[in-house]
2 protein chains.
Amino acid sequence: MNHQVKPWLRRFEAVDEFHLSADVVICGYGGAGASAALEARRAGAEVLVLERASGGGGSTQMSSCEMYLGGSGGTALQQALGMEDSTENMLAYLVEAFGPHGDADKIRCYSEGAAAHFDWAESLGVPYRRAAILERTVVPFTDESLLFTGNERAYPFNRVAKPVPRGHVPSREGDEGGRIFMQALMARVEAEGSVILADARVLAVLQDDRGRVRGVAARIDGEERYIRARRGVILCAGGFVMNRSMLEQHAAQVLPYGEPYGNQWDLGDGIQMGVAAGGNAINMSECFISFAFYPPAKLTYGLLVNGRGQRFVNEDAYLARLGHYAGMQDDQKVYLLVQNEDFERSLYMENTPIAATGDSMAEVEREADLPPGALQATVAYYNEHAAQGADPLFRKHPDWLKPLDKPPFALISYHPDEVKYALGEDTGYLMFTLGGLATKTSGEVLTSAGGIVPGLYAAGRTTAGLPRTAKGYASGMSVGDATFFGRLAGLGAAANLE
Amino acid sequence: MNHQVKPWLRRFEAVDEFHLSADVVICGYGGAGASAALEARRAGAEVLVLERASGGGGSTQMSSCEMYLGGSGGTALQQALGMEDSTENMLAYLVEAFGPHGDADKIRCYSEGAAAHFDWAESLGVPYRRAAILERTVVPFTDESLLFTGNERAYPFNRVAKPVPRGHVPSREGDEGGRIFMQALMARVEAEGSVILADARVLAVLQDDRGRVRGVAARIDGEERYIRARRGVILCAGGFVMNRSMLEQHAAQVLPYGEPYGNQWDLGDGIQMGVAAGGNAINMSECFISFAFYPPAKLTYGLLVNGRGQRFVNEDAYLARLGHYAGMQDDQKVYLLVQNEDFERSLYMENTPIAATGDSMAEVEREADLPPGALQATVAYYNEHAAQGADPLFRKHPDWLKPLDKPPFALISYHPDEVKYALGEDTGYLMFTLGGLATKTSGEVLTSAGGIVPGLYAAGRTTAGLPRTAKGYASGMSVGDATFFGRLAGLGAAANLE
């Protein structure tokens, strides 16, 4: 097959010489690839991991490494703190979270296995302190290991499931979870005998004339090499958020507000290879979107309004749900209205301009050039009901309700062109992609006809995994998914004898 | 290649015997396929059209056959009525319409060629009467041939382009446009010598080891046949709105409210074959969504509100833009509030239940179980400004502004579960898909790497064409696109000598 037409696929039968071989060949050494390697090796396979970067870690290492875990009565950490979490409770939450986008099999499989997955993570030597933070935050800055990382306490989720914190994060002061976890995991992977090749870019999968994937072509030390996989190839090459062209093709709606977040090799190569081999890329338009106007938590007392002065979401929702709704507002005009006693800069979305200040809503809306009277009407309605502990429009939790009646007031603009981050000149709402290859819970790559591509597996953001939309996302769902289903893919490939 | 892994693709070199051959083989005999056939034949190619149904017509024949045309100073029809429409004006409109989803090359190519495309349509013998309907409607019920079919007069489009009607529809009383047009086109296609095979289902494309598409496999009269295409294969097999599984995979968000609209063979076969051959399927999450609460036009005086009593769009927008916004409202709770003098049943969305009536907004919102005071606040704000001819929130055109102050009032529910149509028991908002194969303006199918799949062309809803989102859709954009780019694909394939 001509490489120009199908650059991600080569014919196995046309390969003259193989330079390397292993039972299981894994493309990518982030959270998914490392988890797959460990389990494949433990199941007796010879494992070769190819990583394009100079070292492992991937986007998981850049993350806080929260994992969204629970069910089965509770993880060891939840139980130690006296919290109960049934599998059905977790399942109800996840079904509500992903709605029509959800994958029922993955939701059930994950809910049933998540508590044991925590034991696995801890068995790697990753420290998890038996302590929780229950206040509204994004990552702990002290060394607690359990926190609320989603919408559990917010409407409408609090109607369908009992709120339980499920964000499990390695214990360490500061945001070091990803580094701690990946170092522990990679040390174990390497100690147990997987072979890792860095600076090794996988170029194409090798497929035989019967459709079975039997290896890969890779560029290693500047040379093109053919590598045979006796049992299976596992694609764990991340998502495609760094590929501008793919975003334009599949998720154009995020371009006006999304700021790519991930490692530089999240270019979609794994997805492209999977599709070339007959796999089906699904859910490609969906992205995680972060609108982290909190912490500080007290900003939740404020009101999020659009360019018409209308509210559009309960402000106590999780940052990705906020991002989902913020992105949908026309021209992405989004403001937070706060009164003086709650005013403080957002920790993550810094340098957001103050569009207006004033001692009355009339003054604020005039200065911000909002439609006259609109904000006044919104706040009058809110205040009337908040005084009685109610939010009939959005059902923000009573804990966050109080009238906005103590001037001065500030209207902070969170227009994506104006949001800046501490770490750089980027603007917009941080995002990464949630679309990718359709897989079974075993990691086998599915075709559009519902069959499988023999010999081909995938995990992590190369797949459409557990998390499917920002609307129902919680921190820890992506690392949780990547490591959980990464392990299953490793087991599946290791067992895939011909 | 094993058919189970890649059911849509077969290896050309493995074919022993060809049963039929032509220069250009076209899969599908709807608007795109017929237009492609005519032009390919006129360019000197032997043309074979394979149609899965028992006869041609496709979804175009089911439609009103509006075509969205203008530019170049105006079509012959626009000019005869004294209307001017510059190419730049049309282009500015289309750029605004599709935003980040738009394909700049297709928008420009189409805007430059649309007026001449009208002459082509008329040259087929399709009658277009030099008369316009300027009132707000969806299709003419008398025999005028020009009408507004989009958002031209509505905000924000009326800010970036001069409003001109661009919906060109065959002249005939009643909604007969699609039948008239397709009968004329197919008669010409057949008179000029293309060969048509009905009941011929294309199963797979044949691709050689260098990547060139050289024919198709098809089931004809119960027998599998191999058909050689000397110059090219053109996929014109419609979209995928009738394929539930593909909707779940690519456009899950529409499942709670979308009602598939098209012909029964809009199953995505063409897209699947294109992807199997190395083509790139893009924009797959986007759908046309119809929220046709009008006509009667006077309902536009009403207010569309969500389950919180908030307005969410200017009510004078086109039905697809309304559908885009209606679909985004939580739980798809959407109501129209009208006062007695404007009350009438929607022509297309019949049998919608009246959620409440009353002599005051307080009464209405109580009966409909809306949050107390919410509708009252919305209407109070609206009335205050409407009395002065202004709509500061949504900028509905002043022609449609008047206070809602003459009781009794009715609140009509347009929840998709409750909307029923005259033609059947279906519920929901009518929809079809706007995602498909990426193509050049020439119809050549693009790979994800930006190259082309040699020998492979596509047009119509098998492609991601001119229209890319409901948000900016106008009636006539899909038939216009399918026939316009269908013709170019026919020309391209006919000229594709090896």
# chains A, B, ... in the order shown; residues from 1 in each chain; ligands from 1
call {"tool": "closest_atom_pairs", "arguments": {"of": "chain A", "to": "chain B", "cutoff": "7 Å", "atoms": "only C-alpha atoms", "output": "JSON lines"}}
result
{"residue": "A:Met1", "atom": "CA", "partner": "B:Asp209", "partner_atom": "CA", "distance": 4.5}
{"residue": "A:Asn2", "atom": "CA", "partner": "B:Arg210", "partner_atom": "CA", "distance": 4.4}
{"residue": "A:Val5", "atom": "CA", "partner": "B:Gly211", "partner_atom": "CA", "distance": 5.8}
{"residue": "A:Lys6", "atom": "CA", "partner": "B:Gly278", "partner_atom": "CA", "distance": 5.8}
{"residue": "A:Pro100", "atom": "CA", "partner": "B:Ala252", "partner_atom": "CA", "distance": 5.5}
{"residue": "A:His101", "atom": "CA", "partner": "B:Ala252", "partner_atom": "CA", "distance": 5.3}
{"residue": "A:Asp209", "atom": "CA", "partner": "B:Met1", "partner_atom": "CA", "distance": 4.4}
{"residue": "A:Arg210", "atom": "CA", "partner": "B:Asn2", "partner_atom": "CA", "distance": 4.4}
{"residue": "A:Gly211", "atom": "CA", "partner": "B:Asn2", "partner_atom": "CA", "distance": 5.4}
{"residue": "A:Gln249", "atom": "CA", "partner": "B:Ile282", "partner_atom": "CA", "distance": 5.0}
{"residue": "A:His250", "atom": "CA", "partner": "B:Asn283", "partner_atom": "CA", "distance": 5.1}
{"residue": "A:Ala252", "atom": "CA", "partner": "B:His101", "partner_atom": "CA", "distance": 5.3}
{"residue": "A:Gln253", "atom": "CA", "partner": "B:Pro100", "partner_atom": "CA", "distance": 6.4}
{"residue": "A:Leu255", "atom": "CA", "partner": "B:Pro100", "partner_atom": "CA", "distance": 6.8}
{"residue": "A:Ala276", "atom": "CA", "partner": "B:Gly278", "partner_atom": "CA", "distance": 6.8}
{"residue": "A:Gly278", "atom": "CA", "partner": "B:Lys6", "partner_atom": "CA", "distance": 5.8}
{"residue": "A:Ile282", "atom": "CA", "partner": "B:Gln249", "partner_atom": "CA", "distance": 5.0}
{"residue": "A:Asn283", "atom": "CA", "partner": "B:His250", "partner_atom": "CA", "distance": 5.1}
{"residue": "A:Met284", "atom": "CA", "partner": "B:His250", "partner_atom": "CA", "distance": 6.9}
{"residue": "A:Ser285", "atom": "CA", "partner": "B:Ser285", "partner_atom": "CA", "distance": 6.2}
{"residue": "A:Arg308", "atom": "CA", "partner": "B:Leu393", "partner_atom": "CA", "distance": 5.6}
{"residue": "A:Pro371", "atom": "CA", "partner": "B:Pro392", "partner_atom": "CA", "distance": 5.5}
{"residue": "A:Ala377", "atom": "CA", "partner": "B:Ala377", "partner_atom": "CA", "distance": 6.9}
{"residue": "A:Pro392", "atom": "CA", "partner": "B:Pro371", "partner_atom": "CA", "distance": 5.5}
{"residue": "A:Leu393", "atom": "CA", "partner": "B:Arg308", "partner_atom": "CA", "distance": 5.6}
{"residue": "A:Thr447", "atom": "CA", "partner": "B:Val5", "partner_atom": "CA", "distance": 6.9}
{"residue": "A:Gly451", "atom": "CA", "partner": "B:Val5", "partner_atom": "CA", "distance": 6.8}
{"residue": "A:Ile452", "atom": "CA", "partner": "B:Val5", "partner_atom": "CA", "distance": 6.7}
{"residue": "A:Val453", "atom": "CA", "partner": "B:Val5", "partner_atom": "CA", "distance": 5.8}
call {"tool": "select_by_dssp", "arguments": {"residues": "region 141-371 of chain B", "states": "strand (DSSP E)", "output": "CSV table (one decimal) with N, CA, C and O atoms, in the first residue's frame"}}
result
chain,number,residue,atom,x,y,z
B,146,LEU,N,-38.7,32.2,-5.4
B,146,LEU,CA,-37.6,32.8,-4.6
B,146,LEU,C,-38.1,33.2,-3.2
B,146,LEU,O,-39.2,33.8,-3.1
B,147,LEU,N,-37.3,32.8,-2.2
B,147,LEU,CA,-37.8,33.2,-0.8
B,147,LEU,C,-36.5,33.2,0.1
B,147,LEU,O,-35.5,32.7,-0.2
B,167,GLY,N,-33.2,31.5,-1.5
B,167,GLY,CA,-33.8,30.2,-1.7
B,167,GLY,C,-34.5,30.1,-3.1
B,167,GLY,O,-35.5,30.8,-3.3
B,168,HIS,N,-34.0,29.3,-3.9
B,168,HIS,CA,-34.5,29.1,-5.3
B,168,HIS,C,-35.2,27.8,-5.3
B,168,HIS,O,-34.6,26.7,-5.1
B,195,VAL,N,-25.5,5.1,-17.9
B,195,VAL,CA,-26.2,3.8,-17.6
B,195,VAL,C,-26.6,3.7,-16.1
B,195,VAL,O,-25.7,4.0,-15.3
B,196,ILE,N,-27.8,3.4,-15.8
B,196,ILE,CA,-28.3,3.4,-14.4
B,196,ILE,C,-28.7,2.0,-14.1
B,196,ILE,O,-29.4,1.3,-14.8
B,197,LEU,N,-28.2,1.5,-13.0
B,197,LEU,CA,-28.6,0.2,-12.5
B,197,LEU,C,-29.2,0.4,-11.1
B,197,LEU,O,-28.6,0.9,-10.2
B,200,ALA,N,-29.0,-2.0,-7.0
B,200,ALA,CA,-27.6,-2.4,-7.1
B,200,ALA,C,-26.9,-1.8,-5.9
B,200,ALA,O,-26.6,-0.6,-5.8
B,201,ARG,N,-26.6,-2.7,-4.9
B,201,ARG,CA,-26.0,-2.2,-3.7
B,201,ARG,C,-24.5,-2.3,-3.7
B,201,ARG,O,-23.9,-3.4,-3.9
B,202,VAL,N,-23.8,-1.2,-3.6
B,202,VAL,CA,-22.3,-1.2,-3.6
B,202,VAL,C,-21.9,-1.7,-2.2
B,202,VAL,O,-22.4,-1.2,-1.2
B,203,LEU,N,-21.0,-2.7,-2.2
B,203,LEU,CA,-20.6,-3.3,-1.0
B,203,LEU,C,-19.2,-2.8,-0.5
B,203,LEU,O,-18.9,-2.8,0.7
B,204,ALA,N,-18.3,-2.5,-1.5
B,204,ALA,CA,-17.0,-2.2,-1.1
B,204,ALA,C,-16.3,-1.5,-2.3
B,204,ALA,O,-16.7,-1.7,-3.5
B,205,VAL,N,-15.3,-0.7,-2.0
B,205,VAL,CA,-14.5,-0.2,-3.1
B,205,VAL,C,-13.3,-1.1,-3.3
B,205,VAL,O,-12.8,-1.8,-2.3
B,206,LEU,N,-12.8,-1.1,-4.5
B,206,LEU,CA,-11.6,-1.9,-4.8
B,206,LEU,C,-10.4,-0.9,-4.9
B,206,LEU,O,-10.4,0.0,-5.7
B,207,GLN,N,-9.4,-1.3,-4.1
B,207,GLN,CA,-8.2,-0.4,-4.1
B,207,GLN,C,-7.0,-1.2,-4.4
B,207,GLN,O,-6.8,-2.3,-3.9
B,213,VAL,N,-8.1,3.8,-6.2
B,213,VAL,CA,-9.4,3.1,-6.2
B,213,VAL,C,-9.7,2.9,-7.7
B,213,VAL,O,-9.6,3.7,-8.5
B,214,ARG,N,-10.1,1.6,-8.0
B,214,ARG,CA,-10.2,1.2,-9.3
B,214,ARG,C,-11.6,0.5,-9.6
B,214,ARG,O,-11.7,-0.1,-10.7
B,215,GLY,N,-12.4,0.6,-8.7
B,215,GLY,CA,-13.8,0.0,-9.0
B,215,GLY,C,-14.5,-0.3,-7.7
B,215,GLY,O,-14.1,0.2,-6.6
B,216,VAL,N,-15.5,-1.1,-7.8
B,216,VAL,CA,-16.4,-1.4,-6.6
B,216,VAL,C,-16.8,-2.9,-6.7
B,216,VAL,O,-16.9,-3.5,-7.8
B,217,ALA,N,-17.2,-3.4,-5.6
B,217,ALA,CA,-17.9,-4.7,-5.6
B,217,ALA,C,-19.4,-4.3,-5.2
B,217,ALA,O,-19.6,-3.4,-4.4
B,218,ALA,N,-20.3,-5.0,-5.9
B,218,ALA,CA,-21.7,-4.6,-5.7
B,218,ALA,C,-22.6,-5.9,-5.8
B,218,ALA,O,-22.2,-6.9,-6.3
B,219,ARG,N,-23.7,-5.8,-5.1
B,219,ARG,CA,-24.7,-6.9,-5.2
B,219,ARG,C,-25.8,-6.5,-6.2
B,219,ARG,O,-26.5,-5.5,-5.9
B,220,ILE,N,-25.9,-7.1,-7.3
B,220,ILE,CA,-26.8,-6.8,-8.3
B,220,ILE,C,-27.7,-8.0,-8.6
B,220,ILE,O,-27.1,-9.1,-8.9
B,223,GLU,N,-26.5,-11.1,-7.0
B,223,GLU,CA,-25.2,-11.7,-7.3
B,223,GLU,C,-24.1,-10.7,-7.0
B,223,GLU,O,-24.3,-9.5,-7.2
B,224,GLU,N,-23.0,-11.1,-6.4
B,224,GLU,CA,-21.9,-10.2,-6.2
B,224,GLU,C,-21.2,-10.0,-7.5
B,224,GLU,O,-20.8,-11.0,-8.1
B,225,ARG,N,-21.0,-8.7,-7.8
B,225,ARG,CA,-20.3,-8.4,-9.1
B,225,ARG,C,-19.2,-7.4,-8.9
B,225,ARG,O,-19.2,-6.6,-8.0
B,226,TYR,N,-18.1,-7.6,-9.7
B,226,TYR,CA,-17.0,-6.6,-9.6
B,226,TYR,C,-17.1,-5.7,-10.8
B,226,TYR,O,-17.3,-6.1,-11.9
B,227,ILE,N,-17.0,-4.4,-10.5
B,227,ILE,CA,-17.1,-3.4,-11.5
B,227,ILE,C,-15.9,-2.6,-11.6
B,227,ILE,O,-15.5,-2.0,-10.5
B,228,ARG,N,-15.3,-2.5,-12.7
B,228,ARG,CA,-14.1,-1.7,-12.9
B,228,ARG,C,-14.4,-0.2,-13.2
B,228,ARG,O,-15.2,0.0,-14.1
B,229,ALA,N,-13.7,0.7,-12.6
B,229,ALA,CA,-13.8,2.1,-12.9
B,229,ALA,C,-12.5,2.6,-13.5
B,229,ALA,O,-11.5,2.6,-12.8
B,230,ARG,N,-12.5,2.9,-14.8
B,230,ARG,CA,-11.2,3.2,-15.4
B,230,ARG,C,-10.7,4.6,-15.0
B,230,ARG,O,-9.5,4.8,-14.9
B,231,ARG,N,-11.6,5.5,-14.7
B,231,ARG,CA,-11.1,6.9,-14.3
B,231,ARG,C,-11.4,7.2,-12.8
B,231,ARG,O,-10.6,7.8,-12.1
B,232,GLY,N,-12.5,6.8,-12.3
B,232,GLY,CA,-12.8,7.1,-10.9
B,232,GLY,C,-14.1,6.6,-10.4
B,232,GLY,O,-15.0,6.2,-11.2
B,233,VAL,N,-14.2,6.5,-9.1
B,233,VAL,CA,-15.4,6.1,-8.4
B,233,VAL,C,-15.9,7.3,-7.6
B,233,VAL,O,-15.1,8.0,-7.0
B,234,ILE,N,-17.2,7.6,-7.7
B,234,ILE,CA,-17.7,8.8,-7.0
B,234,ILE,C,-18.8,8.3,-6.0
B,234,ILE,O,-19.7,7.6,-6.4
B,235,LEU,N,-18.5,8.6,-4.7
B,235,LEU,CA,-19.4,8.1,-3.6
B,235,LEU,C,-20.5,9.2,-3.4
B,235,LEU,O,-20.1,10.3,-3.0
B,258,GLY,N,-33.3,14.4,18.3
B,258,GLY,CA,-33.3,14.4,16.9
B,258,GLY,C,-34.2,13.2,16.3
B,258,GLY,O,-34.2,12.1,16.8
B,259,GLU,N,-34.9,13.6,15.3
B,259,GLU,CA,-35.7,12.6,14.6
B,259,GLU,C,-35.2,12.5,13.2
B,259,GLU,O,-35.2,13.4,12.4
B,260,PRO,N,-34.6,11.3,12.8
B,260,PRO,CA,-34.0,11.1,11.5
B,260,PRO,C,-34.9,11.5,10.3
B,260,PRO,O,-36.0,11.1,10.3
B,281,ALA,N,-13.0,11.1,7.6
B,281,ALA,CA,-14.4,11.6,7.9
B,281,ALA,C,-14.3,12.7,8.9
B,281,ALA,O,-13.7,12.5,10.0
B,282,ILE,N,-14.9,13.8,8.6
B,282,ILE,CA,-14.8,15.0,9.5
B,282,ILE,C,-16.2,15.6,9.8
B,282,ILE,O,-17.1,15.2,9.2
B,287,CYS,N,-25.1,18.1,12.9
B,287,CYS,CA,-26.4,17.8,12.2
B,287,CYS,C,-27.2,19.0,11.9
B,287,CYS,O,-27.1,20.0,12.6
B,288,PHE,N,-27.9,18.9,10.8
B,288,PHE,CA,-29.1,19.9,10.6
B,288,PHE,C,-30.1,19.5,11.6
B,288,PHE,O,-30.5,18.3,11.8
B,289,ILE,N,-30.7,20.4,12.3
B,289,ILE,CA,-31.8,20.2,13.3
B,289,ILE,C,-32.9,21.2,13.0
B,289,ILE,O,-32.6,22.4,12.8
B,303,LEU,N,-42.5,34.5,22.4
B,303,LEU,CA,-41.1,34.3,23.0
B,303,LEU,C,-40.8,32.8,23.2
B,303,LEU,O,-41.6,32.1,23.8
B,304,LEU,N,-39.7,32.4,22.7
B,304,LEU,CA,-39.2,31.1,23.0
B,304,LEU,C,-38.4,31.1,24.4
B,304,LEU,O,-37.5,32.0,24.5
B,305,VAL,N,-38.9,30.3,25.3
B,305,VAL,CA,-38.2,30.2,26.6
B,305,VAL,C,-37.9,28.8,26.9
B,305,VAL,O,-38.5,27.8,26.4
B,306,ASN,N,-36.9,28.6,27.8
B,306,ASN,CA,-36.5,27.3,28.3
B,306,ASN,C,-37.3,27.0,29.6
B,306,ASN,O,-38.1,27.7,30.0
B,334,VAL,N,-38.4,23.4,26.0
B,334,VAL,CA,-38.6,24.6,25.2
B,334,VAL,C,-40.1,24.9,25.0
B,334,VAL,O,-40.9,24.0,24.7
B,335,TYR,N,-40.4,26.2,25.2
B,335,TYR,CA,-41.8,26.6,25.1
B,335,TYR,C,-41.9,27.8,24.2
B,335,TYR,O,-40.9,28.6,24.1
B,336,LEU,N,-43.0,28.0,23.7
B,336,LEU,CA,-43.3,29.3,23.0
B,336,LEU,C,-44.5,29.9,23.8
B,336,LEU,O,-45.6,29.3,24.0
B,337,LEU,N,-44.2,31.2,24.2
B,337,LEU,CA,-45.3,32.0,24.8
B,337,LEU,C,-45.9,32.9,23.8
B,337,LEU,O,-45.2,33.7,23.2
B,338,VAL,N,-47.2,32.8,23.7
B,338,VAL,CA,-47.9,33.7,22.7
B,338,VAL,C,-49.1,34.3,23.4
B,338,VAL,O,-49.7,33.7,24.3
B,339,GLN,N,-49.5,35.5,22.9
B,339,GLN,CA,-50.8,36.0,23.3
B,339,GLN,C,-51.9,35.7,22.3
B,339,GLN,O,-51.6,35.2,21.2
B,354,ILE,N,-50.4,22.3,24.9
B,354,ILE,CA,-50.4,23.6,25.5
B,354,ILE,C,-50.1,23.3,27.0
B,354,ILE,O,-50.9,22.7,27.7
B,355,ALA,N,-49.0,23.8,27.4
B,355,ALA,CA,-48.6,23.5,28.8
B,355,ALA,C,-49.3,24.3,29.8
B,355,ALA,O,-49.5,23.9,31.0
B,356,ALA,N,-49.8,25.5,29.4
B,356,ALA,CA,-50.5,26.4,30.3
B,356,ALA,C,-51.2,27.5,29.5
B,356,ALA,O,-50.8,27.8,28.4
B,357,THR,N,-52.3,28.0,30.1
B,357,THR,CA,-52.9,29.2,29.6
B,357,THR,C,-53.2,30.1,30.8
B,357,THR,O,-53.2,29.6,32.0
B,358,GLY,N,-53.4,31.3,30.6
B,358,GLY,CA,-53.7,32.2,31.7
B,358,GLY,C,-53.8,33.6,31.3
B,358,GLY,O,-53.4,34.0,30.2
call {"tool": "atom_distance", "arguments": {"atom1": "CA of Ala114 (chain B)", "atom2": "CA of Phe181 (chain B)"}}
result
16.7 Å
call {"tool": "residues_around", "arguments": {"residues": "Arg41 (chain A)", "least_positions_apart": "4", "cutoff": "12 Å", "atoms": "only C-alpha atoms", "output": "JSON, numbers by chain"}}
result
{"A": [22, 23, 24, 25, 26, 34, 35, 36, 37, 45, 46, 47, 48, 49, 188, 189, 190, 191, 192, 193, 194, 195, 487, 489, 490, 491, 492, 493, 494, 495]}
call {"tool": "closest_residue", "arguments": {"among": "A:Ser54, A:Thr463, A:Asn383, A:Gln78", "to": "Leu434 (chain A)", "atoms": "only C-alpha atoms"}}
result
A:Thr463
call {"tool": "residues_around", "arguments": {"residues": "Asp105 (chain B)", "least_positions_apart": "3", "cutoff": "9 Å", "atoms": "only C-alpha atoms", "output": "list of chain:residue names"}}
result
B:Gly102, B:Arg108, B:Cys109, B:Tyr110, B:Lys440, B:Thr441
call {"tool": "write_last_selection", "arguments": {"atoms": "all heavy atoms", "output": "mmCIF file, in the first residue's frame"}}
result
data_model
loop_
_atom_site.group_PDB
_atom_site.id
_atom_site.type_symbol
_atom_site.label_atom_id
_atom_site.label_comp_id
_atom_site.auth_asym_id
_atom_site.auth_seq_id
_atom_site.Cartn_x
_atom_site.Cartn_y
_atom_site.Cartn_z
ATOM 1 N N GLY B 102 -16.511 26.210 9.131
ATOM 2 C CA GLY B 102 -16.577 26.464 7.693
ATOM 3 C C GLY B 102 -15.341 26.008 6.933
ATOM 4 O O GLY B 102 -14.232 25.984 7.462
ATOM 5 N N ARG B 108 -15.882 29.816 -0.830
ATOM 6 C CA ARG B 108 -15.536 30.728 -1.923
ATOM 7 C C ARG B 108 -15.946 30.141 -3.276
ATOM 8 O O ARG B 108 -16.566 30.817 -4.109
ATOM 9 C CB ARG B 108 -14.038 31.066 -1.911
ATOM 10 C CG ARG B 108 -13.629 31.971 -3.085
ATOM 11 C CD ARG B 108 -12.338 32.715 -2.870
ATOM 12 N NE ARG B 108 -12.455 33.825 -1.945
ATOM 13 C CZ ARG B 108 -12.984 35.019 -2.241
ATOM 14 N NH1 ARG B 108 -13.474 35.256 -3.452
ATOM 15 N NH2 ARG B 108 -13.044 35.963 -1.330
ATOM 16 N N CYS B 109 -15.607 28.894 -3.493
ATOM 17 C CA CYS B 109 -15.923 28.244 -4.768
ATOM 18 C C CYS B 109 -17.430 28.284 -5.028
ATOM 19 O O CYS B 109 -17.889 28.595 -6.138
ATOM 20 C CB CYS B 109 -15.411 26.807 -4.709
ATOM 21 S SG CYS B 109 -15.713 25.821 -6.168
ATOM 22 N N TYR B 110 -18.185 27.998 -3.996
ATOM 23 C CA TYR B 110 -19.644 27.950 -4.127
ATOM 24 C C TYR B 110 -20.203 29.356 -4.355
ATOM 25 O O TYR B 110 -21.052 29.558 -5.224
ATOM 26 C CB TYR B 110 -20.245 27.336 -2.859
ATOM 27 C CG TYR B 110 -21.732 27.076 -2.937
ATOM 28 C CD1 TYR B 110 -22.214 25.897 -3.508
ATOM 29 C CD2 TYR B 110 -22.652 27.995 -2.454
ATOM 30 C CE1 TYR B 110 -23.583 25.648 -3.589
ATOM 31 C CE2 TYR B 110 -24.017 27.755 -2.530
ATOM 32 C CZ TYR B 110 -24.477 26.578 -3.093
ATOM 33 O OH TYR B 110 -25.826 26.337 -3.174
ATOM 34 N N LYS B 440 -11.818 17.836 -1.565
ATOM 35 C CA LYS B 440 -11.449 19.101 -2.187
ATOM 36 C C LYS B 440 -12.657 19.625 -2.956
ATOM 37 O O LYS B 440 -13.638 18.903 -3.176
ATOM 38 C CB LYS B 440 -10.264 18.886 -3.132
ATOM 39 C CG LYS B 440 -9.019 18.414 -2.411
ATOM 40 C CD LYS B 440 -7.872 18.109 -3.357
ATOM 41 C CE LYS B 440 -7.311 19.358 -3.996
ATOM 42 N NZ LYS B 440 -6.023 19.036 -4.691
ATOM 43 N N THR B 441 -12.600 20.850 -3.430
ATOM 44 C CA THR B 441 -13.715 21.377 -4.222
ATOM 45 C C THR B 441 -13.891 20.560 -5.502
ATOM 46 O O THR B 441 -14.973 20.514 -6.070
ATOM 47 C CB THR B 441 -13.490 22.860 -4.572
ATOM 48 O OG1 THR B 441 -12.231 22.990 -5.231
ATOM 49 C CG2 THR B 441 -13.501 23.714 -3.314
#
call {"tool": "select_by_dssp", "arguments": {"residues": "region 105-206 of chain B", "states": "helix (DSSP H, G or I)", "output": "PyMOL selection string"}}
result
chain B and resi 105-123+157-160+177-191
call {"tool": "residues_around", "arguments": {"residues": "region 471-475 of chain B", "least_positions_apart": "6", "cutoff": "9 Å", "atoms": "only C-alpha atoms", "output": "short mmCIF file (atom, residue, chain, number, x, y, z; two decimals) with C-alpha atoms, in the first residue's frame"}}
result
data_model
loop_
_atom_site.label_atom_id
_atom_site.label_comp_id
_atom_site.auth_asym_id
_atom_site.auth_seq_id
_atom_site.Cartn_x
_atom_site.Cartn_y
_atom_site.Cartn_z
CA SER B 64 -38.55 20.83 -1.36
CA CYS B 65 -35.46 21.20 -3.52
CA GLU B 66 -34.67 24.70 -2.49
CA MET B 67 -31.20 25.65 -3.62
CA TYR B 68 -29.28 28.34 -1.80
CA LEU B 94 -21.59 32.06 4.66
CA GLU B 96 -20.57 34.07 9.50
CA ALA B 97 -22.94 31.11 9.13
CA PHE B 98 -20.37 28.37 9.63
CA GLY B 99 -17.80 30.05 11.83
CA VAL B 138 -40.37 27.60 5.01
CA PHE B 148 -35.74 33.84 2.28
CA THR B 149 -34.66 30.44 3.58
CA GLY B 150 -32.09 31.35 6.20
CA ASN B 151 -31.08 33.90 8.79
CA GLY B 167 -33.78 30.17 -1.70
CA PHE B 288 -29.05 19.85 10.64
CA ILE B 289 -31.76 20.21 13.29
CA TYR B 318 -34.19 30.28 10.80
CA LEU B 319 -35.54 26.92 11.93
CA ALA B 320 -32.14 25.20 12.01
CA ARG B 321 -30.57 27.89 14.13
CA LEU B 322 -33.57 27.59 16.43
CA GLY B 323 -33.01 23.84 16.46
CA HIS B 324 -29.36 24.31 17.37
CA TYR B 325 -30.30 26.43 20.39
#
call {"tool": "atom_distance", "arguments": {"atom1": "CA of Arg130 (chain B)", "atom2": "CA of Leu77 (chain B)"}}
result
5.8 Å
